[in-house]
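> Hey, dropping work.tsv in here, TSV, C-alpha atoms:
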chain	number	residue	atom	x	y	z
A	1	MET	CA	29.00	-159.41	-22.35
A	2	LYS	CA	32.66	-158.40	-22.69
A	3	ARG	CA	31.85	-156.28	-25.74
A	4	LEU	CA	28.90	-154.70	-23.94
A	5	LEU	CA	31.03	-153.78	-20.93
A	6	MET	CA	33.62	-152.28	-23.24
A	7	HIS	CA	31.03	-149.99	-24.87
A	8	ALA	CA	29.45	-149.19	-21.50
A	9	ARG	CA	32.58	-147.28	-20.48
A	10	SER	CA	31.75	-144.59	-23.06
A	11	PRO	CA	29.28	-141.85	-21.96
A	12	TRP	CA	28.30	-141.36	-25.62
A	13	PHE	CA	27.17	-145.00	-25.75
A	14	TRP	CA	24.47	-144.25	-23.19
A	15	VAL	CA	23.35	-141.20	-25.19
A	16	GLU	CA	23.03	-143.46	-28.23
A	17	SER	CA	21.25	-146.08	-26.10
A	18	ILE	CA	18.62	-143.56	-25.02
A	19	CYS	CA	18.13	-142.41	-28.62
A	20	PHE	CA	17.89	-145.99	-29.88
A	21	PHE	CA	15.43	-146.87	-27.11
A	22	ILE	CA	13.18	-144.02	-28.28
A	23	VAL	CA	13.54	-144.92	-31.97
A	24	ALA	CA	12.72	-148.59	-31.40
A	25	THR	CA	9.83	-148.10	-28.95
A	26	HIS	CA	6.37	-147.11	-30.14
A	27	PHE	CA	4.77	-144.29	-28.13
A	28	GLU	CA	2.23	-141.51	-28.53
A	29	ILE	CA	2.01	-137.94	-27.30
A	30	GLY	CA	-1.46	-136.78	-26.24
A	31	GLU	CA	-3.75	-135.52	-28.97
A	32	ALA	CA	-0.82	-135.30	-31.37
A	33	GLY	CA	-0.90	-139.10	-31.48
A	34	SER	CA	2.13	-140.56	-33.20
A	35	GLY	CA	2.92	-137.51	-35.39
A	36	LEU	CA	5.06	-135.63	-32.88
A	37	ALA	CA	6.47	-138.93	-31.64
A	38	TYR	CA	7.89	-139.65	-35.11
A	39	VAL	CA	9.47	-136.19	-35.26
A	40	ILE	CA	11.26	-137.03	-32.00
A	41	LYS	CA	12.34	-140.36	-33.47
A	42	LEU	CA	13.76	-138.53	-36.49
A	43	ALA	CA	15.79	-136.25	-34.23
A	44	CYS	CA	17.14	-139.27	-32.32
A	45	LEU	CA	18.15	-140.90	-35.60
A	46	GLY	CA	20.10	-137.76	-36.45
A	47	ILE	CA	21.93	-137.90	-33.13
A	48	ILE	CA	22.95	-141.49	-33.86
A	49	LEU	CA	23.82	-140.95	-37.52
A	50	LEU	CA	25.42	-137.52	-37.95
A	51	PRO	CA	28.40	-137.90	-35.55
A	52	ARG	CA	29.41	-141.01	-37.47
A	53	PHE	CA	30.10	-138.81	-40.50
A	54	ALA	CA	31.35	-135.68	-38.77
A	55	ILE	CA	33.76	-137.50	-36.42
A	56	GLY	CA	34.05	-141.15	-37.36
A	57	GLY	CA	34.27	-140.77	-41.14
A	58	ALA	CA	31.62	-143.43	-41.78
A	59	THR	CA	30.02	-143.95	-45.19
A	60	ILE	CA	26.71	-145.38	-46.39
A	61	GLY	CA	26.46	-148.48	-48.57
A	62	ASN	CA	25.10	-148.09	-52.09
A	63	GLY	CA	22.19	-150.37	-51.23
A	64	VAL	CA	20.47	-147.29	-49.82
A	65	ALA	CA	19.98	-146.12	-53.43
A	66	TRP	CA	17.18	-148.69	-53.88
A	67	VAL	CA	15.36	-147.42	-50.82
A	68	PHE	CA	15.95	-143.77	-51.76
A	69	ILE	CA	14.45	-144.30	-55.23
A	70	LEU	CA	11.43	-145.98	-53.66
A	71	ALA	CA	11.05	-143.13	-51.14
A	72	CYS	CA	11.30	-140.52	-53.92
A	73	VAL	CA	8.58	-142.27	-55.93
A	74	PHE	CA	6.44	-142.36	-52.78
A	75	LEU	CA	7.01	-138.63	-52.19
A	76	SER	CA	6.21	-137.76	-55.83
A	77	VAL	CA	2.86	-139.55	-55.53
A	78	ASN	CA	2.09	-137.33	-52.53
A	79	LEU	CA	3.09	-134.05	-54.25
A	80	ILE	CA	-0.49	-133.26	-55.29
A	81	GLU	CA	-1.72	-133.36	-51.72
A	82	THR	CA	1.53	-133.13	-49.79
A	83	THR	CA	1.07	-133.37	-46.05
A	84	ASP	CA	3.50	-133.01	-43.17
A	85	ARG	CA	2.98	-136.72	-42.55
A	86	ALA	CA	4.19	-137.63	-46.05
A	87	VAL	CA	7.31	-135.47	-45.75
A	88	ILE	CA	8.12	-136.89	-42.31
A	89	ALA	CA	7.53	-140.42	-43.65
A	90	PHE	CA	9.99	-139.76	-46.50
A	91	ALA	CA	12.62	-138.51	-44.04
A	92	LEU	CA	12.10	-141.45	-41.68
A	93	ILE	CA	12.51	-143.97	-44.50
A	94	ALA	CA	15.63	-142.26	-45.88
A	95	VAL	CA	17.39	-141.70	-42.54
A	96	GLY	CA	16.34	-145.06	-41.07
A	97	SER	CA	17.73	-147.00	-44.04
A	98	ALA	CA	20.91	-144.88	-43.89
A	99	VAL	CA	21.47	-146.00	-40.29
A	100	GLY	CA	21.03	-149.61	-41.39
A	101	GLN	CA	23.45	-149.06	-44.27
A	102	LEU	CA	26.22	-147.47	-42.18
A	103	ARG	CA	29.67	-148.68	-43.18
A	104	ASP	CA	31.95	-148.32	-40.20
A	105	PRO	CA	34.33	-150.98	-38.83
A	106	ASN	CA	33.02	-150.43	-35.30
A	107	TRP	CA	29.34	-149.78	-36.02
A	108	ASP	CA	28.11	-153.39	-36.16
A	109	ASP	CA	29.66	-154.15	-32.80
A	110	ARG	CA	28.15	-150.95	-31.39
A	111	LEU	CA	24.72	-151.77	-32.78
A	112	ILE	CA	24.81	-155.22	-31.15
A	113	ALA	CA	25.49	-153.54	-27.81
A	114	LEU	CA	22.66	-151.01	-28.35
A	115	LEU	CA	20.24	-153.81	-29.24
A	116	THR	CA	21.30	-155.89	-26.25
A	117	VAL	CA	20.72	-152.99	-23.83
A	118	TYR	CA	17.35	-152.28	-25.47
A	119	LEU	CA	16.22	-155.92	-25.23
A	120	VAL	CA	17.45	-156.45	-21.67
A	121	ILE	CA	15.72	-153.30	-20.39
A	122	HIS	CA	12.41	-154.20	-22.03
A	123	LEU	CA	12.64	-157.85	-20.99
A	124	GLY	CA	13.54	-156.89	-17.41
A	125	GLY	CA	10.61	-154.47	-17.19
A	126	PHE	CA	8.22	-157.07	-18.57
A	127	ILE	CA	9.38	-159.77	-16.13
A	128	PHE	CA	9.07	-157.32	-13.24
A	129	GLN	CA	5.54	-156.40	-14.33
A	130	VAL	CA	4.55	-160.08	-14.59
A	131	GLY	CA	5.96	-160.72	-11.12
A	132	GLN	CA	4.01	-157.79	-9.66
A	133	PHE	CA	0.78	-159.06	-11.17
A	134	LEU	CA	1.28	-162.65	-9.98
A	135	LEU	CA	2.24	-161.57	-6.46
A	136	GLN	CA	-0.10	-158.62	-5.88
A	137	GLY	CA	-2.73	-158.94	-8.61
A	138	GLN	CA	-2.04	-155.39	-9.84
A	139	ILE	CA	-0.87	-154.09	-13.20
A	140	LEU	CA	2.14	-151.85	-12.67
A	141	GLU	CA	2.27	-149.01	-15.21
A	142	LEU	CA	5.77	-148.86	-16.71
A	143	HIS	CA	5.27	-147.26	-20.13
A	144	GLY	CA	3.92	-144.08	-18.57
A	145	LEU	CA	7.00	-143.75	-16.37
A	146	ILE	CA	9.08	-142.90	-19.46
A	147	PHE	CA	6.62	-141.77	-22.13
A	148	PRO	CA	3.74	-139.25	-21.91
A	149	SER	CA	0.87	-141.70	-22.45
A	150	ALA	CA	-0.12	-144.70	-20.35
A	151	SER	CA	0.05	-148.24	-21.68
A	152	ARG	CA	-2.97	-150.23	-22.80
A	153	ALA	CA	-2.26	-153.25	-20.62
A	154	TYR	CA	-5.36	-154.71	-19.03
A	155	GLN	CA	-6.72	-157.61	-17.00
A	156	ILE	CA	-8.77	-160.51	-18.38
A	157	GLY	CA	-10.49	-162.26	-15.51
A	158	THR	CA	-7.65	-163.69	-13.45
A	159	ALA	CA	-5.17	-163.28	-16.33
A	160	ALA	CA	-3.66	-160.10	-17.75
A	161	ARG	CA	-2.20	-158.77	-20.98
A	162	LEU	CA	0.97	-156.95	-19.97
A	163	SER	CA	3.34	-154.81	-22.04
A	164	GLY	CA	6.32	-153.84	-19.87
A	165	PHE	CA	7.73	-150.52	-21.10
A	166	GLN	CA	5.86	-150.88	-24.43
A	167	ILE	CA	2.52	-149.20	-25.06
A	168	GLU	CA	0.55	-152.39	-25.82
A	169	PRO	CA	0.95	-156.13	-25.19
A	170	GLY	CA	0.97	-156.89	-28.92
A	171	THR	CA	3.47	-154.08	-29.44
A	172	TYR	CA	5.81	-155.68	-26.89
A	173	ALA	CA	5.68	-158.97	-28.78
A	174	GLN	CA	6.20	-157.47	-32.22
A	175	TRP	CA	8.89	-154.91	-31.48
A	176	MET	CA	10.89	-157.27	-29.28
A	177	LEU	CA	10.88	-159.96	-31.96
A	178	MET	CA	11.90	-157.46	-34.64
A	179	ALA	CA	14.76	-156.15	-32.50
A	180	THR	CA	15.77	-159.78	-31.95
A	181	PHE	CA	15.65	-160.36	-35.72
A	182	LEU	CA	18.13	-157.53	-36.30
A	183	ARG	CA	20.36	-158.80	-33.50
A	184	CYS	CA	20.32	-162.29	-35.05
A	185	LEU	CA	21.44	-160.82	-38.38
A	186	LEU	CA	24.27	-158.94	-36.70
A	187	LEU	CA	25.43	-161.97	-34.68
A	188	ARG	CA	24.87	-164.34	-37.63
A	189	ARG	CA	23.04	-166.83	-35.44
A	190	ILE	CA	19.43	-167.23	-34.31
A	191	ILE	CA	19.70	-169.54	-31.32
A	192	SER	CA	20.99	-167.85	-28.18
A	193	PRO	CA	19.79	-167.63	-24.56
A	194	LEU	CA	18.53	-164.05	-25.02
A	195	THR	CA	16.65	-164.92	-28.22
A	196	VAL	CA	14.88	-167.88	-26.64
A	197	ALA	CA	14.03	-165.88	-23.49
A	198	ILE	CA	12.50	-163.06	-25.55
A	199	VAL	CA	10.47	-165.39	-27.77
A	200	ALA	CA	9.14	-167.14	-24.64
A	201	SER	CA	8.26	-163.81	-22.99
A	202	THR	CA	6.19	-162.68	-25.98
A	203	LEU	CA	3.86	-165.66	-25.51
A	204	VAL	CA	2.98	-164.35	-22.03
A	205	THR	CA	1.39	-161.27	-23.66
A	206	LEU	CA	-1.48	-163.50	-24.91
A	207	SER	CA	-0.98	-161.97	-28.35
A	208	LEU	CA	-2.00	-164.09	-31.32
A	209	TRP	CA	0.72	-162.35	-33.33
A	210	ALA	CA	3.23	-163.56	-30.70
A	211	VAL	CA	2.15	-167.15	-31.33
A	212	ILE	CA	2.73	-166.69	-35.07
A	213	GLY	CA	6.04	-164.89	-34.49
A	214	ALA	CA	7.24	-167.57	-32.05
A	215	ALA	CA	6.36	-170.28	-34.58
A	216	LEU	CA	8.35	-168.51	-37.31
A	217	PHE	CA	11.34	-168.00	-35.02
A	218	SER	CA	11.14	-171.67	-34.03
A	219	ALA	CA	11.14	-172.65	-37.71
A	220	GLY	CA	14.23	-170.52	-38.28
A	221	ALA	CA	15.94	-172.03	-35.24
A	222	ILE	CA	15.21	-175.57	-36.44
A	223	ILE	CA	16.62	-174.83	-39.90
A	224	GLU	CA	19.69	-173.26	-38.32
A	225	ALA	CA	20.21	-176.29	-36.04
A	226	VAL	CA	20.03	-178.62	-39.06
A	227	PHE	CA	22.74	-176.65	-40.86
A	228	GLN	CA	25.02	-176.24	-37.83
A	229	SER	CA	28.61	-177.07	-38.75
A	230	THR	CA	29.27	-179.60	-35.98
A	231	VAL	CA	27.31	-182.25	-34.10
A	232	ARG	CA	28.17	-180.48	-30.84
A	233	ASN	CA	26.59	-177.26	-32.10
A	234	LYS	CA	23.46	-179.16	-33.14
A	235	PHE	CA	23.10	-180.64	-29.65
A	236	ARG	CA	23.80	-177.31	-27.94
A	237	ALA	CA	21.09	-175.61	-30.02
A	238	THR	CA	18.63	-178.44	-29.40
A	239	TYR	CA	19.27	-178.50	-25.63
A	240	LEU	CA	18.89	-174.72	-25.38
A	241	VAL	CA	15.50	-174.76	-27.10
A	242	LEU	CA	14.30	-177.76	-25.07
A	243	ILE	CA	15.40	-176.29	-21.74
A	244	PHE	CA	13.59	-173.00	-22.33
A	245	GLY	CA	10.58	-174.83	-23.76
A	246	VAL	CA	10.29	-177.02	-20.66
A	247	ALA	CA	10.82	-174.00	-18.40
A	248	PHE	CA	8.00	-172.14	-20.16
A	249	LEU	CA	5.64	-175.11	-19.83
A	250	ILE	CA	6.46	-175.45	-16.13
A	251	PHE	CA	5.77	-171.73	-15.64
A	252	PHE	CA	2.50	-171.92	-17.58
A	253	TYR	CA	1.12	-174.97	-15.79
A	254	SER	CA	2.19	-173.65	-12.38
A	255	LEU	CA	-0.33	-170.83	-12.80
A	256	PRO	CA	-3.76	-171.12	-11.17
A	257	ASP	CA	-6.33	-173.08	-13.18
A	258	ALA	CA	-8.52	-169.98	-13.52
A	259	THR	CA	-5.64	-167.99	-15.04
A	260	ILE	CA	-4.89	-170.75	-17.56
A	261	ARG	CA	-8.57	-171.01	-18.47
A	262	ASP	CA	-8.98	-167.26	-18.96
A	263	SER	CA	-5.79	-167.08	-21.05
A	264	LEU	CA	-6.80	-169.91	-23.38
A	265	THR	CA	-10.33	-168.52	-23.70
A	266	TYR	CA	-8.96	-165.13	-24.73
A	267	LEU	CA	-6.63	-166.66	-27.36
A	268	ASP	CA	-9.54	-168.71	-28.71
A	269	VAL	CA	-11.63	-165.55	-29.11
A	270	LYS	CA	-8.77	-163.70	-30.83
A	271	ALA	CA	-8.29	-166.58	-33.27
A	272	ASP	CA	-11.99	-166.54	-34.21
A	273	LEU	CA	-12.31	-164.93	-37.65
A	274	THR	CA	-16.00	-164.23	-36.98
A	275	SER	CA	-15.15	-161.92	-34.06
A	276	THR	CA	-14.88	-158.14	-34.48
A	277	SER	CA	-11.10	-158.32	-34.67
A	278	GLY	CA	-11.20	-161.30	-37.04
A	279	THR	CA	-13.72	-159.82	-39.47
A	280	ASP	CA	-11.75	-156.56	-39.51
A	281	LYS	CA	-8.60	-158.38	-40.63
A	282	VAL	CA	-10.47	-160.44	-43.21
A	283	ALA	CA	-12.03	-157.25	-44.63
A	284	ALA	CA	-8.62	-155.56	-44.76
A	285	VAL	CA	-7.03	-158.46	-46.65
A	286	GLY	CA	-9.94	-158.51	-49.10
A	287	ALA	CA	-9.71	-154.74	-49.59
A	288	ILE	CA	-6.00	-154.73	-50.43
A	289	PHE	CA	-6.46	-157.48	-53.01
A	290	GLU	CA	-9.35	-155.55	-54.57
A	291	ARG	CA	-7.18	-152.42	-54.87
A	292	VAL	CA	-3.96	-154.15	-55.90
A	293	PHE	CA	-4.32	-153.32	-59.62
A	294	ASP	CA	-4.96	-149.66	-58.79
A	295	VAL	CA	-1.50	-149.49	-57.22
A	296	LEU	CA	0.34	-151.83	-59.56
A	297	ILE	CA	3.28	-149.48	-60.26
A	298	PHE	CA	2.59	-146.34	-58.24
A	299	GLY	CA	1.15	-146.33	-54.74
A	300	ALA	CA	-1.68	-144.24	-53.34
A	301	PRO	CA	-1.23	-140.93	-51.46
A	302	MET	CA	-1.22	-141.05	-47.68
A	303	GLY	CA	-4.56	-139.27	-47.49
A	304	SER	CA	-6.39	-142.41	-48.63
A	305	ARG	CA	-6.87	-145.85	-47.08
A	306	PHE	CA	-7.24	-149.16	-48.84
A	307	CYS	CA	-10.00	-150.21	-46.43
A	308	GLU	CA	-12.27	-147.37	-45.34
A	309	ALA	CA	-14.60	-149.73	-43.47
A	310	CYS	CA	-11.81	-151.30	-41.40
A	311	LEU	CA	-11.01	-150.20	-37.88
A	312	SER	CA	-7.26	-150.87	-38.20
A	313	PRO	CA	-6.18	-151.80	-41.76
A	314	GLN	CA	-2.52	-151.80	-40.64
A	315	ASP	CA	-3.28	-154.83	-38.45
A	316	VAL	CA	-2.89	-157.16	-41.45
A	317	GLY	CA	0.82	-156.38	-41.48
A	318	ILE	CA	3.38	-154.16	-43.15
A	319	TRP	CA	3.14	-156.07	-46.43
A	320	ALA	CA	-0.33	-154.68	-47.21
A	321	ASN	CA	0.63	-151.10	-46.39
A	322	LEU	CA	3.82	-151.31	-48.46
A	323	ILE	CA	1.81	-152.55	-51.45
A	324	TYR	CA	-0.79	-149.81	-51.13
A	325	TYR	CA	1.44	-146.80	-50.48
A	326	PHE	CA	4.49	-147.84	-52.55
A	327	GLY	CA	2.90	-149.92	-55.30
A	328	LEU	CA	2.89	-153.67	-55.90
A	329	LEU	CA	5.88	-153.94	-58.23
A	330	PRO	CA	8.18	-151.64	-56.19
A	331	THR	CA	7.26	-153.57	-53.04
A	332	LEU	CA	7.97	-156.90	-54.71
A	333	ALA	CA	11.34	-155.54	-55.85
A	334	VAL	CA	12.38	-154.44	-52.35
A	335	VAL	CA	11.07	-157.59	-50.64
A	336	GLY	CA	12.63	-159.79	-53.32
A	337	LEU	CA	16.02	-158.08	-53.03
A	338	THR	CA	15.85	-158.35	-49.24
A	339	ALA	CA	14.97	-162.05	-49.37
A	340	TRP	CA	17.77	-162.72	-51.88
A	341	SER	CA	20.29	-160.80	-49.76
A	342	ILE	CA	19.29	-162.63	-46.58
A	343	ALA	CA	19.28	-166.07	-48.19
A	344	SER	CA	22.66	-165.56	-49.90
A	345	ARG	CA	24.47	-163.89	-46.99
A	346	TRP	CA	22.89	-165.49	-43.93
A	347	GLY	CA	21.24	-168.66	-45.19
A	348	PRO	CA	17.66	-169.99	-45.45
A	349	SER	CA	17.13	-170.09	-41.68
A	350	TYR	CA	16.49	-166.32	-41.64
A	351	LEU	CA	13.71	-166.34	-44.23
A	352	PRO	CA	10.99	-167.30	-41.68
A	353	LEU	CA	12.14	-164.27	-39.67
A	354	LEU	CA	11.64	-162.10	-42.76
A	355	VAL	CA	8.06	-163.41	-42.98
A	356	ALA	CA	7.58	-162.29	-39.37
A	357	LEU	CA	8.93	-158.87	-40.33
A	358	LEU	CA	6.39	-158.49	-43.15
A	359	SER	CA	3.60	-159.45	-40.71
A	360	TRP	CA	4.68	-156.73	-38.27
A	361	LYS	CA	1.83	-154.36	-37.32
A	362	ALA	CA	3.95	-151.20	-37.46
A	363	GLN	CA	3.56	-148.19	-39.72
A	364	PHE	CA	5.20	-148.77	-43.11
A	365	TYR	CA	7.36	-145.67	-42.59
A	366	ASP	CA	8.57	-146.58	-39.12
A	367	PRO	CA	12.34	-145.96	-39.06
A	368	PHE	CA	13.11	-149.16	-37.14
A	369	LEU	CA	11.68	-151.17	-40.04
A	370	TRP	CA	14.02	-149.40	-42.44
A	371	ILE	CA	17.02	-149.85	-40.17
A	372	ILE	CA	16.40	-153.61	-40.41
A	373	LEU	CA	15.75	-153.55	-44.16
A	374	GLY	CA	18.73	-151.26	-44.72
A	375	TYR	CA	21.06	-153.69	-42.98
A	376	ALA	CA	19.56	-156.70	-44.76
A	377	LEU	CA	19.88	-154.98	-48.17
A	378	HIS	CA	23.55	-154.15	-47.74
A	379	PRO	CA	25.20	-155.43	-50.95
A	380	VAL	CA	28.70	-155.63	-49.49
A	381	ALA	CA	29.47	-158.26	-46.88
A	382	ARG	CA	30.79	-156.26	-43.98
A	383	THR	CA	33.22	-157.52	-41.41
A	384	ALA	CA	31.10	-159.73	-39.18
A	385	PRO	CA	31.14	-159.11	-35.43
A	386	THR	CA	33.05	-161.64	-33.41
A	387	GLU	CA	31.18	-164.46	-31.79
A	388	ARG	CA	31.98	-167.00	-29.11
A	389	VAL	CA	33.32	-170.23	-30.53
A	390	ALA	CA	31.72	-173.59	-29.96
A	391	THR	CA	33.92	-174.37	-26.98
A	392	GLY	CA	32.86	-171.15	-25.28
A	393	GLU	CA	36.47	-170.04	-24.90
A	394	GLY	CA	37.57	-166.84	-26.60
A	395	PHE	CA	36.20	-165.20	-29.73
A	396	GLU	CA	36.80	-165.69	-33.42
A	397	PRO	CA	35.33	-164.01	-36.53
A	398	ARG	CA	32.79	-165.96	-38.54
A	399	PRO	CA	33.30	-165.97	-42.33
A	400	THR	CA	30.88	-163.73	-44.17
A	401	GLY	CA	28.74	-164.49	-47.18
A	402	THR	CA	27.98	-168.10	-46.31
A	403	GLY	CA	25.14	-167.69	-43.84
A	404	ASN	CA	24.54	-170.85	-41.88
A	405	LEU	CA	25.83	-173.15	-44.65
A	406	ARG	CA	29.39	-173.34	-43.39
A	407	PRO	CA	31.53	-176.39	-44.07
Would it be possible to restate this file's structure as structure tokens?


Amino acid sequence: MKRLLMHARSPWFWVESICFFIVATHFEIGEAGSGLAYVIKLACLGIILLPRFAIGGATIGNGVAWVFILACVFLSVNLIETTDRAVIAFALIAVGSAVGQLRDPNWDDRLIALLTVYLVIHLGGFIFQVGQFLLQGQILELHGLIFPSASRAYQIGTAARLSGFQIEPGTYAQWMLMATFLRCLLLRRIISPLTVAIVASTLVTLSLWAVIGAALFSAGAIIEAVFQSTVRNKFRATYLVLIFGVAFLIFFYSLPDATIRDSLTYLDVKADLTSTSGTDKVAAVGAIFERVFDVLIFGAPMGSRFCEACLSPQDVGIWANLIYYFGLLPTLAVVGLTAWSIASRWGPSYLPLLVALLSWKAQFYDPFLWIILGYALHPVARTAPTERVATGEGFEPRPTGTGNLRP
């Protein structure tokens, strides 16, 4: 909070906060869909990135070379039938990873503050929307207050799937967890009050992906608690998770019986692989495995899809789209390097969070994905942001390069 208040005194911080909010929030613009939206995201990335070089003298880590090579191979595959979408995708990947690879003594601290503002605004909007629905039975439109298109939140009997400032309930769950993942990397710890509150809030969206994401975050938190350096830290982490878990159960069971019934019925339908949504995902997974040898080294151009019969082939997660558009071996190289970097620098507790990242239902060229991957791929251990010590008094730097396995 002290660091956040310090950054809040700078007018430029709020300009960067607005730009980051746009970059890390999925939205669409009328008939243009997401195309124009991604151009706006690219411009916002430039506003965040360019002053760091022109004024601050920042540099970019050499880990961006891996991503740049991958992006160049992707662009070369699309040369035969180059589209504006392919060129924009190349730029988003390159600039997004550059933001993640920024080497500036003050940037990590700044990025923590930007992420905290982003998460608090989205969480506050979501809680307010939930309160409005429980008190008045109406879905308050929040996404449309900021972005051109309305959200796709809707009511299910006496329950509702809400999205806050995000465009869809599932989008709220996924993007909030991914922003939390990046914040956990920056802070070098998973368990915190804000992390637990966000994970709990995603479950209220009635998104099956949120259930999977919450389970993976819980697995990471358990591993982190096991490797905590002191017994006191272990108990603090355990108590924090238990308190929020009990609070969530109390909230859930305080709802009307009809709302609980409708919520559980909806989740049961979503989990049914014989439903329309389920069969679509099964078909998409089967299609990518059928085409995997066609894209062993080089991916396919953006004009094609690995599952023509599927309604939303991207719903199976980023992993399938990376394999198809980048190629199997290049994707394995990037994912393998990322996993190795995370395990060696942060510890094994963050690997379940990486699995959640690969399951993310975003576009493979979304810049926020590459900001996260860019930071995780950084080959040089940067000066870690300060964190509050176990006693809660003062701040001290945490040693880098040891992850959660500290003596």

> Can you list, as a ChimeraX atom specification, every protein, DNA or RNA residue that comes within 10 Å of A:Tyr154 when you count all atoms listed in the file, leaving out same-chain residues fewer than 2 positions away?

/A:138-139,151-152,156-157,159-163,168-169

> Using only C-alpha atoms, find the one residue out of A:Val117, A:Val67, A:Val211, A:Ala24 that sits nearest to A:Ala333.

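Counting only C-alpha atoms, the residue closest to A:Ala333 is A:Val67.
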
> Taking into account only C-alpha atoms, which residue in the set A:Leu377, A:Cys310, A:Phe364, A:Leu216 is nearest to A:Thr338?

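Selected residue with least distance to A:Thr338: A:Leu377.
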
> Determine, counting all atoms listed in the file, which protein, DNA and RNA residues have an atom within 10 Å of an atom of stretch 238-244 of chain A; residues of the same chain fewer than 6 positions away are not included. Present the result as a list in words.

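Once the nearby chain positions are removed, what remains is Ile191, Ser192, Pro193, Thr195, Val196, Ala197, Val199, Ala200, Ser218, Ala221, Ile222, Ala225, Val226, Arg232 and Ile250 of chain A.
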
> Residues within 12 Å of A:Ser17, please, as a PyMOL selection string. Count only C-alpha atoms; anything in the same chain fewer than 3 positions from it doesn't count.

chain A and resi 4+7-8+10-14+20-25+44-45+47-48+110-121

> Write the residues of the selection above to a file with C-alpha atoms, as a tab-separated table (two decimals), in the frame of the given file.


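The resulting file, selection_10.tsv, is shown below:
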chain	number	residue	atom	x	y	z
A	4	LEU	CA	28.90	-154.70	-23.94
A	7	HIS	CA	31.03	-149.99	-24.87
A	8	ALA	CA	29.45	-149.19	-21.50
A	10	SER	CA	31.75	-144.59	-23.06
A	11	PRO	CA	29.28	-141.85	-21.96
A	12	TRP	CA	28.30	-141.36	-25.62
A	13	PHE	CA	27.17	-145.00	-25.75
A	14	TRP	CA	24.47	-144.25	-23.19
A	20	PHE	CA	17.89	-145.99	-29.88
A	21	PHE	CA	15.43	-146.87	-27.11
A	22	ILE	CA	13.18	-144.02	-28.28
A	23	VAL	CA	13.54	-144.92	-31.97
A	24	ALA	CA	12.72	-148.59	-31.40
A	25	THR	CA	9.83	-148.10	-28.95
A	44	CYS	CA	17.14	-139.27	-32.32
A	45	LEU	CA	18.15	-140.90	-35.60
A	47	ILE	CA	21.93	-137.90	-33.13
A	48	ILE	CA	22.95	-141.49	-33.86
A	110	ARG	CA	28.15	-150.95	-31.39
A	111	LEU	CA	24.72	-151.77	-32.78
A	112	ILE	CA	24.81	-155.22	-31.15
A	113	ALA	CA	25.49	-153.54	-27.81
A	114	LEU	CA	22.66	-151.01	-28.35
A	115	LEU	CA	20.24	-153.81	-29.24
A	116	THR	CA	21.30	-155.89	-26.25
A	117	VAL	CA	20.72	-152.99	-23.83
A	118	TYR	CA	17.35	-152.28	-25.47
A	119	LEU	CA	16.22	-155.92	-25.23
A	120	VAL	CA	17.45	-156.45	-21.67
A	121	ILE	CA	15.72	-153.30	-20.39

> Once you add 3 Å to each side, what are the centre and edge lengths of the axis-aligned box holding all listed atoms of stretch 210-225 of chain A? One decimal in Å, as lines of an AutoDock Vina configuration file, if you can.


center_x = 11.2
center_y = -169.9
center_z = -35.3
size_x = 24.1
size_y = 18.7
size_z = 15.2

> Distance cut-off 10 Å, centre (6.5, -141.0, -36.9) in file coordinates, counting all atoms listed in the file: which residues qualify? Return them as a ChimeraX atom specification.

/A:23,26-28,33-42,85,88-89,91-92,363,365-367

> Measuring atom to atom with all atoms listed in the file, identify which of A:Gly303, A:Gly125, A:Gly286, A:Gly245 is nearest to A:Ile80.

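Result for the nearest residue to A:Ile80: A:Gly303.
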
> For a test of reading the model, state the distance in Å between atom CA of A:Asp104 and atom CA of A:Arg9, rounded to one decimal.

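Separation of atom CA of A:Asp104 and atom CA of A:Arg9: 19.8 Å.
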
> Given only C-alpha atoms as the basis, pick out the residue of A:Ser263, A:Leu123, A:Val77, A:Trp319 nearest to A:Trp175.

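So, comparing all the options, the nearest one is A:Leu123.
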
> Any chance you could export stretch 4-25 of chain A with C-alpha atoms, as a CSV table (one decimal), in the first residue's frame?


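Contents of decode20.csv, as written:
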chain,number,residue,atom,x,y,z
A,4,LEU,CA,1.1,2.2,-4.3
A,5,LEU,CA,0.5,5.6,-2.6
A,6,MET,CA,4.0,6.6,-3.6
A,7,HIS,CA,3.3,5.9,-7.3
A,8,ALA,CA,-0.2,7.5,-7.1
A,9,ARG,CA,1.4,10.9,-6.5
A,10,SER,CA,2.6,10.9,-10.1
A,11,PRO,CA,0.1,12.0,-12.8
A,12,TRP,CA,2.0,9.8,-15.4
A,13,PHE,CA,1.2,6.8,-13.2
A,14,TRP,CA,-2.5,7.3,-13.9
A,15,VAL,CA,-1.9,7.6,-17.6
A,16,GLU,CA,0.0,4.3,-17.5
A,17,SER,CA,-2.8,2.8,-15.4
A,18,ILE,CA,-5.4,3.7,-18.0
A,19,CYS,CA,-3.2,2.3,-20.8
A,20,PHE,CA,-2.5,-0.9,-18.8
A,21,PHE,CA,-6.3,-1.3,-18.0
A,22,ILE,CA,-7.0,-1.2,-21.7
A,23,VAL,CA,-4.2,-3.6,-22.6
A,24,ALA,CA,-5.2,-6.1,-20.0
A,25,THR,CA,-9.0,-6.0,-20.5
